[in-house]
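The file run_39.txt comes next; it holds compact mmCIF, C-alpha atoms and all ligand atoms.
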```txt
# COMPACT_ATOMS: atom_id res chain seq x y z
CA MET A 1 -69.25 -134.11 21.71
CA LYS A 2 -68.30 -134.78 25.29
CA LYS A 3 -68.97 -138.20 26.70
CA TYR A 4 -71.99 -138.40 28.99
CA SER A 5 -72.73 -141.33 31.28
CA LEU A 6 -74.94 -142.71 34.01
CA ALA A 7 -74.07 -145.36 36.60
CA ILE A 8 -76.39 -146.95 39.13
CA HIS A 9 -76.19 -149.37 42.04
CA GLY A 10 -78.77 -151.44 43.88
CA GLY A 11 -76.70 -152.29 46.94
CA ALA A 12 -73.55 -154.26 47.73
CA GLY A 13 -72.72 -157.06 50.14
CA THR A 14 -72.82 -160.82 50.42
CA ILE A 15 -74.48 -161.35 47.08
CA LEU A 16 -73.63 -164.87 45.97
CA LYS A 17 -74.63 -166.71 42.86
CA GLU A 18 -75.43 -169.84 44.86
CA ASP A 19 -78.11 -167.92 46.78
CA MET A 20 -79.78 -166.78 43.58
CA THR A 21 -82.19 -168.57 41.27
CA PRO A 22 -81.78 -167.84 37.55
CA GLU A 23 -85.25 -166.23 37.59
CA LEU A 24 -84.42 -163.91 40.48
CA GLU A 25 -81.10 -162.98 38.92
CA GLU A 26 -82.90 -162.11 35.71
CA GLN A 27 -85.36 -159.92 37.64
CA TYR A 28 -82.48 -158.02 39.24
CA ARG A 29 -80.76 -157.52 35.89
CA GLN A 30 -83.99 -156.32 34.33
CA GLY A 31 -84.65 -153.94 37.21
CA LEU A 32 -81.18 -152.46 36.81
CA GLN A 33 -81.58 -152.23 33.04
CA GLN A 34 -84.90 -150.38 33.30
CA ALA A 35 -83.54 -147.89 35.83
CA LEU A 36 -80.47 -147.34 33.68
CA GLU A 37 -82.62 -146.68 30.62
CA ALA A 38 -84.86 -144.27 32.54
CA GLY A 39 -81.86 -142.20 33.66
CA PHE A 40 -79.83 -142.44 30.47
CA SER A 41 -82.72 -141.33 28.24
CA VAL A 42 -82.83 -138.09 30.25
CA LEU A 43 -79.17 -137.48 29.39
CA GLU A 44 -79.68 -138.43 25.74
CA ASN A 45 -82.46 -135.87 25.47
CA GLY A 46 -80.23 -133.14 26.85
CA GLY A 47 -81.58 -133.27 30.42
CA THR A 48 -79.45 -132.46 33.43
CA SER A 49 -77.51 -134.93 35.53
CA VAL A 50 -79.77 -134.07 38.50
CA THR A 51 -82.88 -135.05 36.54
CA ALA A 52 -81.16 -138.21 35.31
CA VAL A 53 -80.06 -139.51 38.71
CA LYS A 54 -83.50 -138.75 40.12
CA ALA A 55 -85.24 -140.66 37.30
CA ALA A 56 -83.00 -143.71 37.78
CA VAL A 57 -83.43 -143.74 41.56
CA VAL A 58 -87.23 -143.35 41.32
CA HIS A 59 -87.25 -146.50 39.20
CA LEU A 60 -85.21 -148.42 41.75
CA GLU A 61 -87.37 -147.10 44.62
CA ASP A 62 -90.49 -148.39 42.87
CA ASN A 63 -88.94 -151.84 42.41
CA PRO A 64 -89.61 -154.08 45.46
CA LEU A 65 -86.35 -155.98 44.89
CA PHE A 66 -84.28 -153.10 46.21
CA ASN A 67 -84.06 -151.70 49.74
CA ALA A 68 -85.44 -148.24 49.03
CA GLY A 69 -88.98 -146.93 48.62
CA LYS A 70 -91.26 -149.91 48.08
CA GLY A 71 -88.70 -152.59 48.99
CA ALA A 72 -87.47 -150.84 52.15
CA VAL A 73 -86.45 -153.03 55.07
CA PHE A 74 -88.24 -153.09 58.43
CA THR A 75 -87.03 -151.37 61.60
CA LYS A 76 -87.01 -152.95 65.05
CA LYS A 77 -90.55 -151.62 65.48
CA GLY A 78 -91.67 -153.27 62.25
CA ILE A 79 -92.07 -150.06 60.27
CA ASN A 80 -90.20 -148.53 57.31
CA GLU A 81 -88.10 -145.40 57.79
CA LEU A 82 -86.56 -143.95 54.67
CA ASP A 83 -83.41 -141.90 54.03
CA ALA A 84 -82.30 -140.20 50.79
CA ALA A 85 -80.06 -137.48 49.40
CA ILE A 86 -79.35 -135.71 46.13
CA MET A 87 -76.57 -133.31 45.18
CA ASP A 88 -75.91 -131.05 42.21
CA GLY A 89 -72.19 -130.93 41.39
CA LYS A 90 -72.51 -127.69 39.42
CA THR A 91 -73.96 -125.57 42.23
CA LEU A 92 -72.98 -127.72 45.23
CA GLU A 93 -76.61 -127.51 46.30
CA ALA A 94 -77.84 -130.56 48.16
CA GLY A 95 -80.98 -131.93 49.76
CA ALA A 96 -81.41 -134.81 52.17
CA ILE A 97 -84.05 -136.46 54.34
CA ALA A 98 -83.84 -139.08 57.06
CA GLY A 99 -86.29 -141.19 59.01
CA VAL A 100 -89.34 -140.30 56.91
CA ARG A 101 -92.35 -142.56 56.55
CA ASN A 102 -94.91 -143.20 53.82
CA VAL A 103 -93.08 -141.21 51.15
CA ARG A 104 -93.28 -143.15 47.90
CA ASN A 105 -90.14 -141.68 46.37
CA PRO A 106 -87.78 -140.30 49.01
CA VAL A 107 -85.37 -139.00 46.35
CA GLU A 108 -88.10 -136.63 45.13
CA LEU A 109 -88.50 -135.29 48.65
CA ALA A 110 -84.73 -134.83 48.92
CA GLU A 111 -84.83 -132.81 45.69
CA GLN A 112 -87.65 -130.65 47.06
CA VAL A 113 -85.53 -130.00 50.16
CA MET A 114 -82.66 -128.92 47.90
CA MET A 115 -84.80 -126.62 45.80
CA HIS A 116 -87.46 -125.22 48.13
CA SER A 117 -86.69 -125.60 51.82
CA GLY A 118 -83.79 -123.22 52.30
CA HIS A 119 -82.12 -126.07 54.21
CA VAL A 120 -80.07 -129.12 53.34
CA PHE A 121 -81.22 -131.86 55.70
CA LEU A 122 -84.68 -132.52 57.18
CA SER A 123 -85.61 -135.45 59.40
CA GLY A 124 -88.54 -137.38 60.85
CA LYS A 125 -91.92 -135.76 61.33
CA GLY A 126 -90.74 -132.36 60.13
CA ALA A 127 -89.57 -133.85 56.85
CA ASN A 128 -92.94 -135.58 56.49
CA ASP A 129 -94.73 -132.24 57.11
CA PHE A 130 -92.58 -130.69 54.38
CA ALA A 131 -93.48 -133.57 52.05
CA ILE A 132 -97.17 -132.84 52.55
CA LYS A 133 -96.61 -129.12 51.97
CA GLN A 134 -94.78 -129.84 48.72
CA GLY A 135 -97.45 -132.26 47.49
CA ILE A 136 -95.07 -135.25 47.47
CA LYS A 137 -96.77 -138.59 46.78
CA LEU A 138 -97.52 -140.52 49.99
CA GLU A 139 -98.50 -144.17 50.36
CA PRO A 140 -100.13 -146.13 53.18
CA ASP A 141 -97.99 -148.45 55.36
CA GLU A 142 -99.20 -151.48 53.38
CA TYR A 143 -97.56 -150.17 50.23
CA PHE A 144 -94.14 -150.72 51.80
CA TYR A 145 -94.90 -154.27 52.91
CA THR A 146 -93.03 -156.91 50.93
CA GLN A 147 -93.01 -160.53 52.04
CA LEU A 148 -89.26 -160.91 51.52
CA ARG A 149 -88.32 -157.97 53.72
CA TYR A 150 -90.88 -158.95 56.35
CA ASP A 151 -89.53 -162.51 56.53
CA GLN A 152 -85.95 -161.24 56.73
CA TRP A 153 -86.90 -158.96 59.60
CA ARG A 154 -88.90 -161.67 61.39
CA GLU A 155 -85.86 -163.89 61.38
CA ILE A 156 -83.71 -161.38 63.25
CA ARG A 157 -86.08 -159.03 65.02
CA ASP A 158 -85.26 -160.52 68.43
CA SER A 159 -81.53 -160.27 67.85
CA ASP A 160 -79.07 -157.43 67.97
CA LEU A 161 -78.26 -156.60 64.36
CA TYR A 162 -75.23 -154.55 65.23
CA THR A 163 -73.27 -157.52 66.37
CA LEU A 164 -72.69 -160.25 63.90
CA ASP A 165 -71.51 -162.85 66.40
CA HIS A 166 -74.71 -164.84 66.23
CA LYS A 167 -74.52 -168.56 66.60
CA SER A 168 -76.45 -169.50 63.51
CA ASP A 169 -74.67 -169.25 60.18
CA LYS A 170 -77.98 -168.71 58.55
CA LEU A 171 -78.61 -165.72 60.75
CA ILE A 172 -75.23 -164.18 60.04
CA ARG A 173 -75.78 -164.70 56.33
CA ALA A 174 -79.26 -163.24 56.58
CA VAL A 175 -77.98 -160.18 58.41
CA LYS A 176 -75.09 -159.67 56.01
CA GLU A 177 -77.22 -160.15 52.97
CA ILE A 178 -79.99 -157.79 53.87
CA LYS A 179 -77.89 -155.03 55.28
CA PHE A 180 -76.90 -153.63 51.94
CA GLY A 181 -79.63 -152.97 49.42
CA THR A 182 -79.52 -149.24 49.07
CA VAL A 183 -79.90 -147.71 45.61
CA GLY A 184 -78.04 -144.86 43.99
CA ALA A 185 -77.09 -143.13 40.77
CA VAL A 186 -74.33 -140.83 39.53
CA ALA A 187 -74.31 -139.00 36.21
CA CYS A 188 -72.33 -136.69 33.96
CA ASP A 189 -74.55 -134.84 31.48
CA LYS A 190 -73.80 -133.38 28.04
CA ASN A 191 -72.52 -130.19 29.66
CA GLY A 192 -70.11 -132.02 31.95
CA ASN A 193 -72.24 -131.37 35.04
CA LEU A 194 -72.22 -134.05 37.74
CA ALA A 195 -74.93 -135.21 40.16
CA ALA A 196 -75.41 -137.99 42.69
CA ALA A 197 -78.43 -139.45 44.49
CA THR A 198 -78.86 -142.24 47.05
CA SER A 199 -81.97 -143.74 48.67
CA THR A 200 -82.38 -146.45 51.31
CA GLY A 201 -84.50 -148.11 53.93
CA GLY A 202 -81.28 -148.42 55.97
CA MET A 203 -80.54 -151.58 57.90
CA THR A 204 -83.05 -154.27 58.84
CA ASN A 205 -84.01 -154.12 62.50
CA LYS A 206 -82.43 -150.68 62.97
CA GLN A 207 -83.56 -148.87 66.09
CA TYR A 208 -83.29 -145.65 68.10
CA GLY A 209 -83.72 -143.56 64.94
CA ARG A 210 -80.47 -144.89 63.49
CA ILE A 211 -79.37 -143.09 60.32
CA GLY A 212 -76.68 -144.54 58.03
CA ASP A 213 -74.34 -142.94 55.55
CA SER A 214 -76.72 -142.74 52.58
CA PRO A 215 -78.38 -139.35 53.26
CA LEU A 216 -75.23 -137.74 54.67
CA ILE A 217 -73.72 -135.26 52.23
CA GLY A 218 -70.00 -135.96 51.80
CA ILE A 219 -70.35 -139.50 53.11
CA GLY A 220 -72.89 -141.64 51.26
CA THR A 221 -73.65 -139.00 48.65
CA TYR A 222 -71.56 -136.20 47.12
CA ALA A 223 -71.16 -134.33 43.84
CA ASN A 224 -68.75 -131.62 42.79
CA ASN A 225 -68.01 -130.71 39.16
CA LYS A 226 -64.36 -130.13 40.10
CA THR A 227 -63.89 -133.78 41.04
CA CYS A 228 -66.61 -136.43 41.05
CA ALA A 229 -70.10 -137.64 41.91
CA ILE A 230 -70.33 -140.51 44.39
CA SER A 231 -73.09 -142.75 45.75
CA CYS A 232 -72.17 -145.37 48.36
CA THR A 233 -73.65 -148.59 49.66
CA GLY A 234 -72.51 -150.80 52.49
CA HIS A 235 -72.28 -150.92 56.26
CA GLY A 236 -73.11 -147.31 57.05
CA GLU A 237 -71.21 -146.91 60.31
CA PRO A 238 -67.66 -147.40 58.94
CA PHE A 239 -68.61 -145.36 55.88
CA ILE A 240 -69.53 -142.47 58.18
CA ARG A 241 -66.30 -142.74 60.16
CA ALA A 242 -64.27 -142.85 56.94
CA VAL A 243 -66.15 -139.87 55.39
CA VAL A 244 -66.09 -141.89 52.20
CA ALA A 245 -67.53 -139.77 49.38
CA TYR A 246 -65.71 -136.57 50.28
CA ASP A 247 -62.52 -138.50 50.86
CA VAL A 248 -62.62 -139.72 47.26
CA SER A 249 -63.24 -136.15 46.11
CA CYS A 250 -60.33 -134.83 48.23
CA LEU A 251 -57.90 -137.42 46.87
CA MET A 252 -58.79 -136.22 43.38
CA GLU A 253 -58.70 -132.52 44.23
CA TYR A 254 -55.63 -132.36 46.43
CA LYS A 255 -53.62 -135.40 45.36
CA ASN A 256 -54.52 -135.40 41.67
CA MET A 257 -55.60 -139.01 41.72
CA SER A 258 -57.87 -140.33 38.99
CA LEU A 259 -61.41 -141.30 39.97
CA GLN A 260 -60.54 -145.00 39.83
CA GLN A 261 -57.40 -144.59 41.93
CA ALA A 262 -59.20 -142.51 44.55
CA CYS A 263 -62.12 -144.94 44.82
CA GLU A 264 -59.75 -147.89 45.21
CA GLU A 265 -57.71 -146.08 47.84
CA VAL A 266 -60.80 -145.47 49.96
CA ILE A 267 -62.84 -148.65 49.38
CA MET A 268 -60.10 -151.27 49.00
CA LYS A 269 -57.59 -149.88 51.53
CA LYS A 270 -58.99 -147.41 54.05
CA LEU A 271 -62.38 -149.07 54.50
CA VAL A 272 -60.97 -152.59 54.53
CA GLU A 273 -58.64 -151.57 57.37
CA MET A 274 -61.72 -150.33 59.24
CA ASN A 275 -63.64 -153.53 58.52
CA GLY A 276 -66.06 -151.56 56.41
CA GLU A 277 -67.85 -153.70 53.88
CA GLY A 278 -69.46 -152.22 50.77
CA GLY A 279 -68.79 -150.19 47.68
CA LEU A 280 -69.57 -147.13 45.63
CA ILE A 281 -70.24 -145.84 42.17
CA GLY A 282 -68.36 -142.76 41.02
CA MET A 283 -68.35 -140.51 37.97
CA ASP A 284 -65.93 -137.81 36.86
CA ALA A 285 -66.64 -134.75 34.73
CA ASN A 286 -65.36 -136.51 31.59
CA GLY A 287 -68.06 -139.15 31.93
CA ASN A 288 -65.69 -141.85 33.23
CA ALA A 289 -67.16 -144.15 35.86
CA ALA A 290 -65.72 -146.27 38.66
CA LEU A 291 -67.70 -149.14 40.20
CA VAL A 292 -65.68 -150.34 43.17
CA PHE A 293 -66.59 -152.72 46.02
CA ASN A 294 -64.77 -154.83 48.59
CA CYS A 295 -67.40 -157.53 49.09
CA ALA A 296 -68.85 -160.43 47.11
CA GLY A 297 -71.07 -158.39 44.84
CA MET A 298 -72.76 -155.12 44.00
CA TYR A 299 -75.85 -154.73 41.85
CA ARG A 300 -74.63 -152.22 39.31
CA GLY A 301 -75.08 -150.77 35.85
CA LEU A 302 -73.35 -148.29 33.59
CA GLN A 303 -74.18 -146.69 30.27
CA SER A 304 -72.08 -144.16 28.34
CA SER A 305 -72.70 -142.19 25.17
CA ASP A 306 -69.67 -143.90 23.55
CA GLY A 307 -71.65 -147.13 23.57
CA THR A 308 -69.90 -148.78 26.52
CA GLY A 309 -71.94 -150.13 29.38
CA LEU A 310 -72.66 -153.08 31.62
CA ILE A 311 -75.13 -154.67 33.98
CA ALA A 312 -73.43 -156.79 36.63
CA ILE A 313 -73.98 -158.33 40.04
CA TYR A 314 -71.02 -160.41 41.17
CA ASP A 315 -67.32 -159.78 41.22
CA ASN A 316 -65.84 -160.87 37.85
CA ASP A 317 -69.32 -160.68 36.39
CA SER A 318 -68.70 -160.35 32.68
CA LYS A 319 -72.34 -159.85 31.74
N1 LIG A 401 -75.47 -147.80 53.66
C1 LIG A 401 -76.81 -148.12 54.09
C2 LIG A 401 -76.94 -147.83 55.55
O1 LIG A 401 -76.02 -148.11 56.29
C3 LIG A 401 -77.18 -149.53 53.84
C4 LIG A 401 -76.98 -150.01 52.44
O2 LIG A 401 -76.09 -149.53 51.75
O3 LIG A 401 -77.72 -150.87 52.02
O4 LIG A 401 -78.00 -147.40 55.95
```

I'd like the structure from this file rewritten - as structure tokens, please.
Amino acid sequence: MKKYSLAIHGGAGTILKEDMTPELEEQYRQGLQQALEAGFSVLENGGTSVTAVKAAVVHLEDNPLFNAGKGAVFTKKGINELDAAIMDGKTLEAGAIAGVRNVRNPVELAEQVMMHSGHVFLSGKGANDFAIKQGIKLEPDEYFYTQLRYDQWREIRDSDLYTLDHKSDKLIRAVKEIKFGTVGAVACDKNGNLAAATSTGGMTNKQYGRIGDSPLIGIGTYANNKTCAISCTGHGEPFIRAVVAYDVSCLMEYKNMSLQQACEEVIMKKLVEMNGEGGLIGMDANGNAALVFNCAGMYRGLQSSDGTGLIAIYDNDSK
């Protein structure tokens, strides 16, 4: 039987062991493990890669540790605006939403856009109206309040997040650390079909309706059975300018690179030259995964039907 696999991420960035307590680290590992199990069991039971990535991302969205759904960061106005996307590599159908509020699981709304809207990308109030029409679960503002995210926002809300030349080291660290907490999943199912999904609260203190790479098809999220499924995390602006996910796919399609080679070319060379910090998870149609990042760490997990798998946080993280 063909190998089938699921990979997930919970954000990349300045994730350092010295900033972590053993208890918190354990909570992150458990959160990743549970999401991985939720998605992988779909594949084991013969479900599609689309269903699997959605199940994994819903789990991560419901976990307040990650910057998506319940753990979403605060905007300059002190609210939570959510972005998400999903793509089916078999049909090249895709759905995405940006700047929505009060949606418990943005990835479910993205899937509804893909299946029932006749469009690919909905934003703001219109996307919220569509959520209501489709009977998507909504939550009050309080649901999205977490003390950690609120405190992180309070520390920088009077600063300009987009420049990192702040005086205080603590502030720079805070900004770097909280920027990247997006969640995502990529999967190859028993039939060799690929899918990708990504969900985020974006960047703390974002303003003017800023949208990052996560919900942009071909940038933060992409899937194509011919090549790969990709979900990115990192500083959205350079990722957008580098057209990251589709670039990986193109290197595979037109230059015959392997998934690993293509991911390294884009994340470790092209993005580094553009000062773009972050990483991605990728999957090819043989169930091989690549988990590549150019920063201190990336919350990540992988499980394959051949028994291989991992849960890891830091670079050189053997666990
Ligand atoms: N890429 C996301 C954005 O720029 C942030 C993240 O990955 O955490 O909105």

*Test item: residues lying within 8 Å of ligand LIG 401 (chain A) with all atoms listed in the file, as a PyMOL selection string*: chain A and resi 11-12+67+83+178-183+200-203+211-214+220+232-237+239+278

*Quick one: residues within 8 Å of A:Ala223, all atoms listed in the file counted, chain neighbours fewer than 5 positions away excluded, as a ChimeraX atom specification?*
/A:87-89,92,194-196,228-230

*Gap from atom CA of A:Asp62 to atom CA of A:Arg104 - Å, one decimal*: 7.8 Å

*Measure the distance from atom CA of A:Tyr143 to atom CA of A:Lys76 in Å and round it to one decimal.*
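Result for atom CA of A:Tyr143 versus atom CA of A:Lys76: 18.4 Å, one decimal.
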
*Which residue, A:Tyr246, A:Phe144, A:Tyr299, A:Tyr150, has the smallest gap to A:Ala68 when you use all atoms listed in the file?*
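Using all atoms listed in the file, A:Ala68 sits closest to A:Phe144.
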
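Minimum atom-to-atom distance to A:Glu277, evaluated using all atoms listed in the file, belongs to A:Thr14 out of A:Ala7, A:Phe121, A:Thr14, A:Gln261.
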
*asked:* Report, in Å with one decimal, the straight-line distance from atom CA of A:Glu253 to atom CA of A:Ile219.
replied: 16.2 Å

*Excluding A:Gly297 and any residue of its chain fewer than 4 positions from it, enumerate the residues within 6 Å of it, using all atoms listed in the file, and give them as number ranges by chain.*
A: 12-13, 15, 313-315

_When you count all atoms listed in the file, which of these residues is closest to A:Val50: A:Met114, A:Cys250, A:Met274, A:Leu36?_
A:Met114

*Compare A:Leu259, A:Val103, A:Ala55, A:Met283 by their minimum atom-to-atom distance to A:Gly69, counting all atoms listed in the file, and give me the closest one.*
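Selected residue with least distance to A:Gly69: A:Val103.
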
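Taking only C-alpha atoms into account, A:Phe130 lies nearest to A:Leu109 out of the set A:Leu16, A:Leu109, A:Ala285, A:Met115.
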